[in-house]
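Pasted below: final_16.tsv, TSV, N, CA and C atoms.
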```tsv
chain	number	residue	atom	x	y	z
A	17	MET	N	-67.17	47.76	-12.50
A	17	MET	CA	-65.93	47.19	-13.00
A	17	MET	C	-65.66	45.87	-12.29
A	18	THR	N	-65.05	45.00	-13.01
A	18	THR	CA	-64.67	43.71	-12.43
A	18	THR	C	-63.33	43.29	-13.00
A	19	ASP	N	-62.56	42.61	-12.22
A	19	ASP	CA	-61.29	42.07	-12.70
A	19	ASP	C	-61.15	40.66	-12.16
A	20	ASN	N	-61.68	39.74	-12.90
A	20	ASN	CA	-61.47	38.35	-12.54
A	20	ASN	C	-61.18	37.56	-13.80
A	21	GLN	N	-60.68	36.38	-13.62
A	21	GLN	CA	-60.21	35.59	-14.75
A	21	GLN	C	-61.32	35.32	-15.76
A	22	HIS	N	-62.54	35.14	-15.30
A	22	HIS	CA	-63.62	34.82	-16.23
A	22	HIS	C	-64.22	36.04	-16.89
A	23	ASN	N	-63.66	37.20	-16.59
A	23	ASN	CA	-64.17	38.43	-17.19
A	23	ASN	C	-63.03	39.28	-17.73
A	24	GLY	N	-62.01	38.60	-18.29
A	24	GLY	CA	-60.91	39.31	-18.91
A	24	GLY	C	-59.70	39.55	-18.02
A	25	GLY	N	-59.75	39.10	-16.77
A	25	GLY	CA	-58.63	39.30	-15.85
A	25	GLY	C	-57.61	38.19	-15.93
A	26	VAL	N	-56.60	38.30	-15.10
A	26	VAL	CA	-55.51	37.34	-15.04
A	26	VAL	C	-55.44	36.77	-13.63
A	27	ALA	N	-55.38	35.45	-13.51
A	27	ALA	CA	-55.26	34.80	-12.20
A	27	ALA	C	-53.83	34.31	-12.04
A	28	TYR	N	-53.22	34.66	-10.91
A	28	TYR	CA	-51.84	34.28	-10.63
A	28	TYR	C	-51.80	33.19	-9.57
A	29	PRO	N	-50.84	32.27	-9.67
A	29	PRO	CA	-50.71	31.23	-8.64
A	29	PRO	C	-50.12	31.84	-7.37
A	30	ILE	N	-50.67	31.46	-6.24
A	30	ILE	CA	-50.22	31.97	-4.95
A	30	ILE	C	-49.81	30.81	-4.07
A	31	ASP	N	-48.64	30.89	-3.49
A	31	ASP	CA	-48.22	29.91	-2.51
A	31	ASP	C	-49.09	30.12	-1.27
A	32	LEU	N	-49.87	29.10	-0.90
A	32	LEU	CA	-50.85	29.26	0.15
A	32	LEU	C	-50.24	29.38	1.54
A	33	GLU	N	-49.00	28.99	1.70
A	33	GLU	CA	-48.33	29.13	2.99
A	33	GLU	C	-47.80	30.55	3.20
A	34	SER	N	-47.25	31.15	2.14
A	34	SER	CA	-46.56	32.43	2.28
A	34	SER	C	-47.30	33.63	1.68
A	35	GLY	N	-48.24	33.38	0.77
A	35	GLY	CA	-48.91	34.48	0.08
A	35	GLY	C	-48.10	35.06	-1.06
A	36	CYS	N	-47.05	34.37	-1.46
A	36	CYS	CA	-46.18	34.84	-2.54
A	36	CYS	C	-46.71	34.37	-3.90
A	37	ILE	N	-46.73	35.29	-4.85
A	37	ILE	CA	-47.10	34.92	-6.22
A	37	ILE	C	-45.93	34.11	-6.78
A	38	CYS	N	-46.22	32.88	-7.18
A	38	CYS	CA	-45.14	31.94	-7.47
A	38	CYS	C	-45.04	31.52	-8.93
A	39	GLY	N	-45.52	32.34	-9.85
A	39	GLY	CA	-45.40	32.00	-11.26
A	39	GLY	C	-46.18	32.94	-12.15
A	40	ALA	N	-46.30	32.55	-13.39
A	40	ALA	CA	-47.01	33.35	-14.37
A	40	ALA	C	-48.52	33.26	-14.14
A	41	GLY	N	-49.21	34.35	-14.43
A	41	GLY	CA	-50.66	34.37	-14.38
A	41	GLY	C	-51.23	33.84	-15.69
A	42	VAL	N	-52.50	33.50	-15.66
A	42	VAL	CA	-53.14	32.97	-16.85
A	42	VAL	C	-54.53	33.59	-16.99
A	43	GLU	N	-54.88	33.90	-18.23
A	43	GLU	CA	-56.25	34.35	-18.49
A	43	GLU	C	-57.05	33.15	-18.95
A	44	VAL	N	-58.36	33.29	-19.00
A	44	VAL	CA	-59.24	32.17	-19.29
A	44	VAL	C	-58.94	31.53	-20.65
A	45	SER	N	-58.40	32.29	-21.59
A	45	SER	CA	-58.06	31.74	-22.91
A	45	SER	C	-56.83	30.84	-22.87
A	46	GLY	N	-56.10	30.88	-21.74
A	46	GLY	CA	-54.90	30.06	-21.61
A	46	GLY	C	-53.61	30.83	-21.84
A	47	LYS	N	-53.70	32.12	-22.13
A	47	LYS	CA	-52.50	32.93	-22.34
A	47	LYS	C	-51.88	33.27	-20.99
A	48	TYR	N	-50.54	33.11	-20.90
A	48	TYR	CA	-49.82	33.33	-19.65
A	48	TYR	C	-49.12	34.69	-19.64
A	49	TYR	N	-49.01	35.27	-18.44
A	49	TYR	CA	-48.37	36.57	-18.26
A	49	TYR	C	-47.48	36.57	-17.02
A	50	PHE	N	-46.21	36.92	-17.20
A	50	PHE	CA	-45.37	37.19	-16.04
A	50	PHE	C	-45.56	38.64	-15.61
A	51	ARG	N	-45.80	39.51	-16.59
A	51	ARG	CA	-46.10	40.92	-16.30
A	51	ARG	C	-47.60	41.12	-16.48
A	52	HIS	N	-48.20	41.85	-15.54
A	52	HIS	CA	-49.63	42.09	-15.65
A	52	HIS	C	-49.89	42.88	-16.93
A	53	PRO	N	-50.85	42.45	-17.76
A	53	PRO	CA	-51.05	43.08	-19.07
A	53	PRO	C	-51.50	44.54	-19.02
A	54	GLU	N	-52.08	44.99	-17.92
A	54	GLU	CA	-52.52	46.39	-17.86
A	54	GLU	C	-51.54	47.28	-17.11
A	55	THR	N	-50.92	46.76	-16.04
A	55	THR	CA	-50.03	47.59	-15.23
A	55	THR	C	-48.56	47.43	-15.59
A	56	ASP	N	-48.22	46.36	-16.29
A	56	ASP	CA	-46.86	45.99	-16.65
A	56	ASP	C	-46.01	45.64	-15.42
A	57	PHE	N	-46.64	45.43	-14.25
A	57	PHE	CA	-45.91	44.98	-13.07
A	57	PHE	C	-45.46	43.55	-13.28
A	58	PHE	N	-44.22	43.26	-12.88
A	58	PHE	CA	-43.74	41.87	-12.85
A	58	PHE	C	-44.30	41.27	-11.57
A	59	MET	N	-45.16	40.28	-11.71
A	59	MET	CA	-45.94	39.80	-10.56
A	59	MET	C	-45.25	38.69	-9.77
A	60	ALA	N	-44.53	37.79	-10.43
A	60	ALA	CA	-43.90	36.67	-9.72
A	60	ALA	C	-42.94	37.21	-8.67
A	61	GLY	N	-43.03	36.64	-7.48
A	61	GLY	CA	-42.18	37.05	-6.38
A	61	GLY	C	-42.81	38.09	-5.47
A	62	ARG	N	-43.87	38.74	-5.91
A	62	ARG	CA	-44.56	39.68	-5.03
A	62	ARG	C	-45.33	38.89	-3.97
A	63	THR	N	-45.43	39.47	-2.79
A	63	THR	CA	-46.15	38.82	-1.71
A	63	THR	C	-47.36	39.67	-1.33
A	64	ILE	N	-48.49	39.01	-1.13
A	64	ILE	CA	-49.70	39.71	-0.71
A	64	ILE	C	-49.47	40.21	0.71
A	65	PRO	N	-49.66	41.50	0.95
A	65	PRO	CA	-49.41	42.06	2.29
A	65	PRO	C	-50.28	41.41	3.37
A	66	ASN	N	-49.67	41.22	4.53
A	66	ASN	CA	-50.39	40.71	5.71
A	66	ASN	C	-51.10	39.39	5.43
A	67	TRP	N	-50.41	38.49	4.76
A	67	TRP	CA	-51.00	37.22	4.33
A	67	TRP	C	-51.57	36.42	5.49
A	68	GLN	N	-50.82	36.26	6.57
A	68	GLN	CA	-51.32	35.45	7.69
A	68	GLN	C	-52.58	36.07	8.29
A	69	GLU	N	-52.62	37.39	8.40
A	69	GLU	CA	-53.82	38.06	8.90
A	69	GLU	C	-54.99	37.89	7.95
A	70	LEU	N	-54.70	37.90	6.64
A	70	LEU	CA	-55.75	37.68	5.65
A	70	LEU	C	-56.33	36.28	5.80
A	71	LEU	N	-55.48	35.29	6.02
A	71	LEU	CA	-55.98	33.92	6.21
A	71	LEU	C	-56.91	33.86	7.43
A	72	LEU	N	-56.54	34.52	8.51
A	72	LEU	CA	-57.39	34.54	9.70
A	72	LEU	C	-58.72	35.23	9.42
A	73	PHE	N	-58.66	36.33	8.67
A	73	PHE	CA	-59.87	37.08	8.28
A	73	PHE	C	-60.84	36.17	7.53
A	74	VAL	N	-60.32	35.42	6.58
A	74	VAL	CA	-61.15	34.54	5.77
A	74	VAL	C	-61.64	33.34	6.59
A	75	LYS	N	-60.79	32.80	7.47
A	75	LYS	CA	-61.22	31.68	8.30
A	75	LYS	C	-62.36	32.09	9.22
A	76	GLU	N	-62.29	33.30	9.77
A	76	GLU	CA	-63.39	33.79	10.61
A	76	GLU	C	-64.68	33.89	9.81
A	77	ALA	N	-64.58	34.38	8.59
A	77	ALA	CA	-65.77	34.47	7.74
A	77	ALA	C	-66.32	33.07	7.43
A	78	ALA	N	-65.43	32.13	7.22
A	78	ALA	CA	-65.86	30.76	6.89
A	78	ALA	C	-66.62	30.12	8.05
A	79	LEU	N	-66.31	30.51	9.27
A	79	LEU	CA	-66.96	29.91	10.44
A	79	LEU	C	-68.36	30.46	10.69
A	80	VAL	N	-68.74	31.52	9.97
A	80	VAL	CA	-70.09	32.08	10.14
A	80	VAL	C	-71.13	31.04	9.72
A	81	VAL	N	-70.88	30.34	8.63
A	81	VAL	CA	-71.77	29.26	8.17
A	81	VAL	C	-70.89	28.04	7.90
A	82	PRO	N	-70.54	27.30	8.95
A	82	PRO	CA	-69.60	26.19	8.79
A	82	PRO	C	-70.12	25.04	7.94
A	83	GLN	N	-71.43	24.97	7.71
A	83	GLN	CA	-71.99	23.90	6.88
A	83	GLN	C	-71.57	24.04	5.41
A	84	VAL	N	-71.22	25.25	5.00
A	84	VAL	CA	-70.75	25.46	3.63
A	84	VAL	C	-69.28	25.04	3.61
A	85	ARG	N	-68.97	23.95	2.94
A	85	ARG	CA	-67.65	23.33	3.02
A	85	ARG	C	-66.59	24.03	2.18
A	86	MET	N	-67.00	24.73	1.13
A	86	MET	CA	-66.01	25.41	0.29
A	86	MET	C	-66.60	26.72	-0.19
A	87	THR	N	-65.88	27.79	0.06
A	87	THR	CA	-66.30	29.11	-0.40
A	87	THR	C	-65.12	29.78	-1.07
A	88	ALA	N	-65.35	30.40	-2.19
A	88	ALA	CA	-64.31	31.19	-2.86
A	88	ALA	C	-64.50	32.63	-2.40
A	89	TRP	N	-63.53	33.14	-1.64
A	89	TRP	CA	-63.65	34.47	-1.04
A	89	TRP	C	-63.01	35.52	-1.92
A	90	ASP	N	-63.74	36.60	-2.16
A	90	ASP	CA	-63.20	37.77	-2.84
A	90	ASP	C	-62.96	38.82	-1.77
A	91	VAL	N	-61.69	39.16	-1.57
A	91	VAL	CA	-61.31	40.09	-0.51
A	91	VAL	C	-60.40	41.16	-1.10
A	92	ALA	N	-60.67	42.41	-0.76
A	92	ALA	CA	-59.79	43.51	-1.14
A	92	ALA	C	-58.75	43.69	-0.04
A	93	VAL	N	-57.47	43.76	-0.43
A	93	VAL	CA	-56.40	44.03	0.51
A	93	VAL	C	-56.15	45.53	0.49
A	94	LEU	N	-56.43	46.17	1.62
A	94	LEU	CA	-56.33	47.62	1.74
A	94	LEU	C	-55.10	48.00	2.55
A	95	GLU	N	-54.76	49.28	2.53
A	95	GLU	CA	-53.65	49.74	3.36
A	95	GLU	C	-53.94	49.49	4.83
A	96	GLN	N	-55.20	49.62	5.22
A	96	GLN	CA	-55.61	49.43	6.62
A	96	GLN	C	-56.53	48.22	6.74
A	97	GLY	N	-56.01	47.04	6.50
A	97	GLY	CA	-56.79	45.83	6.68
A	97	GLY	C	-57.38	45.28	5.40
A	98	PHE	N	-58.56	44.69	5.54
A	98	PHE	CA	-59.19	43.98	4.43
A	98	PHE	C	-60.66	44.38	4.33
A	99	GLU	N	-61.21	44.20	3.16
A	99	GLU	CA	-62.63	44.41	2.97
A	99	GLU	C	-63.20	43.21	2.25
A	100	MET	N	-64.21	42.59	2.87
A	100	MET	CA	-64.86	41.44	2.26
A	100	MET	C	-65.74	41.93	1.12
A	101	ILE	N	-65.52	41.38	-0.05
A	101	ILE	CA	-66.35	41.73	-1.20
A	101	ILE	C	-67.51	40.75	-1.29
A	102	GLU	N	-67.17	39.46	-1.31
A	102	GLU	CA	-68.22	38.45	-1.36
A	102	GLU	C	-67.63	37.08	-1.12
A	103	GLY	N	-68.50	36.16	-0.76
A	103	GLY	CA	-68.16	34.75	-0.68
A	103	GLY	C	-68.99	34.00	-1.70
A	104	ASN	N	-68.35	33.19	-2.51
A	104	ASN	CA	-69.04	32.45	-3.56
A	104	ASN	C	-69.13	30.98	-3.15
A	105	ASP	N	-70.34	30.52	-2.84
A	105	ASP	CA	-70.48	29.13	-2.41
A	105	ASP	C	-70.33	28.15	-3.57
A	106	ASP	N	-70.26	28.67	-4.77
A	106	ASP	CA	-70.03	27.81	-5.93
A	106	ASP	C	-68.64	28.11	-6.51
A	107	GLY	N	-67.68	28.37	-5.62
A	107	GLY	CA	-66.32	28.69	-6.05
A	107	GLY	C	-65.81	27.69	-7.07
A	108	ASN	N	-65.14	28.19	-8.04
A	108	ASN	CA	-64.72	27.39	-9.18
A	108	ASN	C	-63.28	26.91	-8.99
A	109	PRO	N	-63.07	25.61	-8.71
A	109	PRO	CA	-61.70	25.12	-8.49
A	109	PRO	C	-60.75	25.38	-9.66
A	110	ASP	N	-61.28	25.56	-10.87
A	110	ASP	CA	-60.37	25.80	-12.00
A	110	ASP	C	-59.64	27.13	-11.86
A	111	LEU	N	-60.22	28.07	-11.08
A	111	LEU	CA	-59.56	29.35	-10.87
A	111	LEU	C	-58.28	29.17	-10.05
A	112	MET	N	-58.24	28.16	-9.19
A	112	MET	CA	-57.02	27.86	-8.45
A	112	MET	C	-56.14	26.90	-9.24
A	113	GLN	N	-56.73	25.89	-9.81
A	113	GLN	CA	-55.95	24.85	-10.47
A	113	GLN	C	-55.32	25.33	-11.77
A	114	GLY	N	-56.00	26.20	-12.51
A	114	GLY	CA	-55.45	26.70	-13.78
A	114	GLY	C	-54.13	27.42	-13.60
A	115	PRO	N	-54.07	28.46	-12.74
A	115	PRO	CA	-52.81	29.16	-12.54
A	115	PRO	C	-51.72	28.27	-11.93
A	116	MET	N	-52.10	27.32	-11.08
A	116	MET	CA	-51.10	26.44	-10.47
A	116	MET	C	-50.63	25.37	-11.44
A	117	ALA	N	-51.37	25.18	-12.53
A	117	ALA	CA	-51.03	24.19	-13.57
A	117	ALA	C	-50.92	22.78	-13.00
A	118	LYS	N	-51.79	22.50	-12.01
A	118	LYS	CA	-51.83	21.15	-11.44
A	118	LYS	C	-53.13	21.00	-10.68
A	119	GLY	N	-53.50	19.76	-10.44
A	119	GLY	CA	-54.67	19.49	-9.61
A	119	GLY	C	-54.39	19.90	-8.17
A	120	MET	N	-55.39	20.43	-7.51
A	120	MET	CA	-55.19	20.96	-6.16
A	120	MET	C	-56.09	20.28	-5.13
A	121	LEU	N	-56.58	19.08	-5.43
A	121	LEU	CA	-57.51	18.41	-4.52
A	121	LEU	C	-56.93	18.28	-3.11
A	122	ARG	N	-55.70	17.80	-2.99
A	122	ARG	CA	-55.11	17.61	-1.65
A	122	ARG	C	-55.07	18.92	-0.87
A	123	GLU	N	-54.66	20.00	-1.54
A	123	GLU	CA	-54.58	21.29	-0.87
A	123	GLU	C	-55.96	21.83	-0.51
A	124	ILE	N	-56.94	21.65	-1.41
A	124	ILE	CA	-58.29	22.10	-1.14
A	124	ILE	C	-58.85	21.38	0.08
A	125	VAL	N	-58.67	20.06	0.14
A	125	VAL	CA	-59.16	19.28	1.27
A	125	VAL	C	-58.44	19.70	2.56
A	126	LYS	N	-57.14	19.94	2.47
A	126	LYS	CA	-56.37	20.36	3.65
A	126	LYS	C	-56.91	21.69	4.19
A	127	TRP	N	-57.17	22.64	3.31
A	127	TRP	CA	-57.62	23.96	3.75
A	127	TRP	C	-59.09	23.93	4.20
A	128	MET	N	-59.84	22.91	3.83
A	128	MET	CA	-61.22	22.80	4.26
A	128	MET	C	-61.32	22.31	5.72
A	129	ARG	N	-60.25	21.75	6.23
A	129	ARG	CA	-60.27	21.22	7.61
A	129	ARG	C	-60.19	22.31	8.62
```
Give the structure from this file in structure tokens form.
Amino acid sequence: MTDNQHNGGVAYPIDLESGCICGAGVEVSGKYYFRHPETDFFMAGRTIPNWQELLLFVKEAALVVPQVRMTAWDVAVLEQGFEMIEGNDDGNPDLMQGPMAKGMLREIVKWMR
């Protein structure tokens, strides 16, 4: 099973400072959802648990191979921490930019530092 935007899933915009879902999600066809189409959860305003710890978890993973300048991390948020699913060295910026409905170059460069 997979649930990602390019395989029928919905990608939601996340405020990178707080981990809060800050708007409607979008599927690859361009259809927007405030409520998740399968769970009917209202997603905007929800915060990803332990966001700051998750950022540290991903930053540590990024330092394993620092020559790779951009990686799209797939991480499961569990009740007891996190589980790394995979790192994609060909991460697709449209997965971030589409839900945010704006270009994210400045933010991407900031987070790469």
Mind checking DSSP for chain A and telling me the strand (DSSP E) residues as a PyMOL selection string?
-> chain A and resi 41-42+48-49+88-94+97-104
Dump of N, CA and C atoms for the selected residues, as a short mmCIF file (atom, residue, chain, number, x, y, z; two decimals), in the coordinates of the input:
```cif
data_model
loop_
_atom_site.label_atom_id
_atom_site.label_comp_id
_atom_site.auth_asym_id
_atom_site.auth_seq_id
_atom_site.Cartn_x
_atom_site.Cartn_y
_atom_site.Cartn_z
N GLY A 41 -49.21 34.35 -14.43
CA GLY A 41 -50.66 34.37 -14.38
C GLY A 41 -51.23 33.84 -15.69
N VAL A 42 -52.50 33.50 -15.66
CA VAL A 42 -53.14 32.97 -16.85
C VAL A 42 -54.53 33.59 -16.99
N TYR A 48 -50.54 33.11 -20.90
CA TYR A 48 -49.82 33.33 -19.65
C TYR A 48 -49.12 34.69 -19.64
N TYR A 49 -49.01 35.27 -18.44
CA TYR A 49 -48.37 36.57 -18.26
C TYR A 49 -47.48 36.57 -17.02
N ALA A 88 -65.35 30.40 -2.19
CA ALA A 88 -64.31 31.19 -2.86
C ALA A 88 -64.50 32.63 -2.40
N TRP A 89 -63.53 33.14 -1.64
CA TRP A 89 -63.65 34.47 -1.04
C TRP A 89 -63.01 35.52 -1.92
N ASP A 90 -63.74 36.60 -2.16
CA ASP A 90 -63.20 37.77 -2.84
C ASP A 90 -62.96 38.82 -1.77
N VAL A 91 -61.69 39.16 -1.57
CA VAL A 91 -61.31 40.09 -0.51
C VAL A 91 -60.40 41.16 -1.10
N ALA A 92 -60.67 42.41 -0.76
CA ALA A 92 -59.79 43.51 -1.14
C ALA A 92 -58.75 43.69 -0.04
N VAL A 93 -57.47 43.76 -0.43
CA VAL A 93 -56.40 44.03 0.51
C VAL A 93 -56.15 45.53 0.49
N LEU A 94 -56.43 46.17 1.62
CA LEU A 94 -56.33 47.62 1.74
C LEU A 94 -55.10 48.00 2.55
N GLY A 97 -56.01 47.04 6.50
CA GLY A 97 -56.79 45.83 6.68
C GLY A 97 -57.38 45.28 5.40
N PHE A 98 -58.56 44.69 5.54
CA PHE A 98 -59.19 43.98 4.43
C PHE A 98 -60.66 44.38 4.33
N GLU A 99 -61.21 44.20 3.16
CA GLU A 99 -62.63 44.41 2.97
C GLU A 99 -63.20 43.21 2.25
N MET A 100 -64.21 42.59 2.87
CA MET A 100 -64.86 41.44 2.26
C MET A 100 -65.74 41.93 1.12
N ILE A 101 -65.52 41.38 -0.05
CA ILE A 101 -66.35 41.73 -1.20
C ILE A 101 -67.51 40.75 -1.29
N GLU A 102 -67.17 39.46 -1.31
CA GLU A 102 -68.22 38.45 -1.36
C GLU A 102 -67.63 37.08 -1.12
N GLY A 103 -68.50 36.16 -0.76
CA GLY A 103 -68.16 34.75 -0.68
C GLY A 103 -68.99 34.00 -1.70
N ASN A 104 -68.35 33.19 -2.51
CA ASN A 104 -69.04 32.45 -3.56
C ASN A 104 -69.13 30.98 -3.15
#
```
In terms of the shortest atom-to-atom distance over only C-alpha atoms, which of A:Pro53, A:Ile124, A:Gln83, A:Met116 is closest to Cys38 (chain A)?
-> A:Met116
So what do you get for CA of Tyr28 (chain A) versus CA of Gly46 (chain A), distance-wise?
-> 12.2 Å
Polymer residues at most 7 Å from Asp90 (chain A), only N, CA and C atoms, same-chain spacing of 5 or more positions, as a ChimeraX atom specification | /A:99-104
Any chance you could list, as a VMD selection string, the residues in chain A that come up helix (DSSP H, G or I) when DSSP is run on the backbone?
-> chain A and resid 21 to 23 67 to 78 110 to 116 121 to 128
Extract, using all atoms listed in the file, all DNA, RNA and protein residues at most 7 Å from Ala40 (chain A), discarding same-chain residues fewer than 5 positions from it, and format them as a ChimeraX atom specification.
-> /A:27-29,48-51,60,115
7 Å contact set for Gly61 (chain A), all atoms listed in the file, chain neighbours under 5 positions out, as a count of residues only | 4
In terms of the shortest atom-to-atom distance over all atoms listed in the file, which of A:Pro65, A:Met59, A:Leu111, A:Trp127 is closest to His22 (chain A)?
-> A:Leu111
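One finds atom C of Val26 (chain A) at 23.4 Å from atom C of Lys126 (chain A).
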Place a sphere of radius 12 Å on (-59.2, 30.9, 8.2) in the file coordinates and name every protein, DNA or RNA residue with an atom inside or on its surface, counting only C-alpha atoms; give the answer as a count of residues only.
-> 23
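CA of Glu43 (chain A) to atom N of Thr63 (chain A) spans 19.7 Å [interatomic distance, one decimal].
Proximity to Gly25 (chain A) was assessed for A:Gly119, A:Glu95, A:Asp56, A:Gly41 counting only N, CA and C atoms; the smallest distance is recorded for A:Gly41.
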Regenerate region 36-44 of chain A at the level of all heavy atoms and dump it as an mmCIF file, keeping the file's coordinate frame.
```
data_model
loop_
_atom_site.group_PDB
_atom_site.id
_atom_site.type_symbol
_atom_site.label_atom_id
_atom_site.label_comp_id
_atom_site.auth_asym_id
_atom_site.auth_seq_id
_atom_site.Cartn_x
_atom_site.Cartn_y
_atom_site.Cartn_z
ATOM 1 N N CYS A 36 -47.050 34.370 -1.460
ATOM 2 C CA CYS A 36 -46.180 34.840 -2.540
ATOM 3 C C CYS A 36 -46.710 34.370 -3.900
ATOM 4 O O CYS A 36 -47.095 33.213 -4.060
ATOM 5 C CB CYS A 36 -44.763 34.314 -2.326
ATOM 6 S SG CYS A 36 -43.574 34.914 -3.539
ATOM 7 N N ILE A 37 -46.730 35.290 -4.850
ATOM 8 C CA ILE A 37 -47.100 34.920 -6.220
ATOM 9 C C ILE A 37 -45.930 34.110 -6.780
ATOM 10 O O ILE A 37 -44.800 34.584 -6.836
ATOM 11 C CB ILE A 37 -47.401 36.162 -7.067
ATOM 12 C CG1 ILE A 37 -48.616 36.885 -6.468
ATOM 13 C CG2 ILE A 37 -47.645 35.776 -8.531
ATOM 14 C CD1 ILE A 37 -48.894 38.233 -7.079
ATOM 15 N N CYS A 38 -46.220 32.880 -7.180
ATOM 16 C CA CYS A 38 -45.140 31.940 -7.470
ATOM 17 C C CYS A 38 -45.040 31.520 -8.930
ATOM 18 O O CYS A 38 -44.500 30.466 -9.237
ATOM 19 C CB CYS A 38 -45.272 30.719 -6.562
ATOM 20 S SG CYS A 38 -46.868 29.872 -6.643
ATOM 21 N N GLY A 39 -45.520 32.340 -9.850
ATOM 22 C CA GLY A 39 -45.400 32.000 -11.260
ATOM 23 C C GLY A 39 -46.180 32.940 -12.150
ATOM 24 O O GLY A 39 -46.685 33.970 -11.705
ATOM 25 N N ALA A 40 -46.300 32.550 -13.390
ATOM 26 C CA ALA A 40 -47.010 33.350 -14.370
ATOM 27 C C ALA A 40 -48.520 33.260 -14.140
ATOM 28 O O ALA A 40 -49.031 32.235 -13.716
ATOM 29 C CB ALA A 40 -46.681 32.883 -15.773
ATOM 30 N N GLY A 41 -49.210 34.350 -14.430
ATOM 31 C CA GLY A 41 -50.660 34.370 -14.380
ATOM 32 C C GLY A 41 -51.230 33.840 -15.690
ATOM 33 O O GLY A 41 -50.534 33.754 -16.698
ATOM 34 N N VAL A 42 -52.500 33.500 -15.660
ATOM 35 C CA VAL A 42 -53.140 32.970 -16.850
ATOM 36 C C VAL A 42 -54.530 33.590 -16.990
ATOM 37 O O VAL A 42 -55.222 33.810 -16.011
ATOM 38 C CB VAL A 42 -53.210 31.416 -16.791
ATOM 39 C CG1 VAL A 42 -54.054 30.941 -15.628
ATOM 40 C CG2 VAL A 42 -53.699 30.826 -18.100
ATOM 41 N N GLU A 43 -54.880 33.900 -18.230
ATOM 42 C CA GLU A 43 -56.250 34.350 -18.490
ATOM 43 C C GLU A 43 -57.050 33.150 -18.950
ATOM 44 O O GLU A 43 -56.487 32.084 -19.257
ATOM 45 C CB GLU A 43 -56.287 35.506 -19.494
ATOM 46 C CG GLU A 43 -55.743 35.170 -20.852
ATOM 47 C CD GLU A 43 -55.773 36.369 -21.801
ATOM 48 O OE1 GLU A 43 -55.779 37.521 -21.360
ATOM 49 O OE2 GLU A 43 -55.792 36.110 -23.007
ATOM 50 N N VAL A 44 -58.360 33.290 -19.000
ATOM 51 C CA VAL A 44 -59.240 32.170 -19.290
ATOM 52 C C VAL A 44 -58.940 31.530 -20.650
ATOM 53 O O VAL A 44 -59.158 30.341 -20.844
ATOM 54 C CB VAL A 44 -60.725 32.565 -19.124
ATOM 55 C CG1 VAL A 44 -61.199 33.395 -20.288
ATOM 56 C CG2 VAL A 44 -61.594 31.358 -18.896
#
```
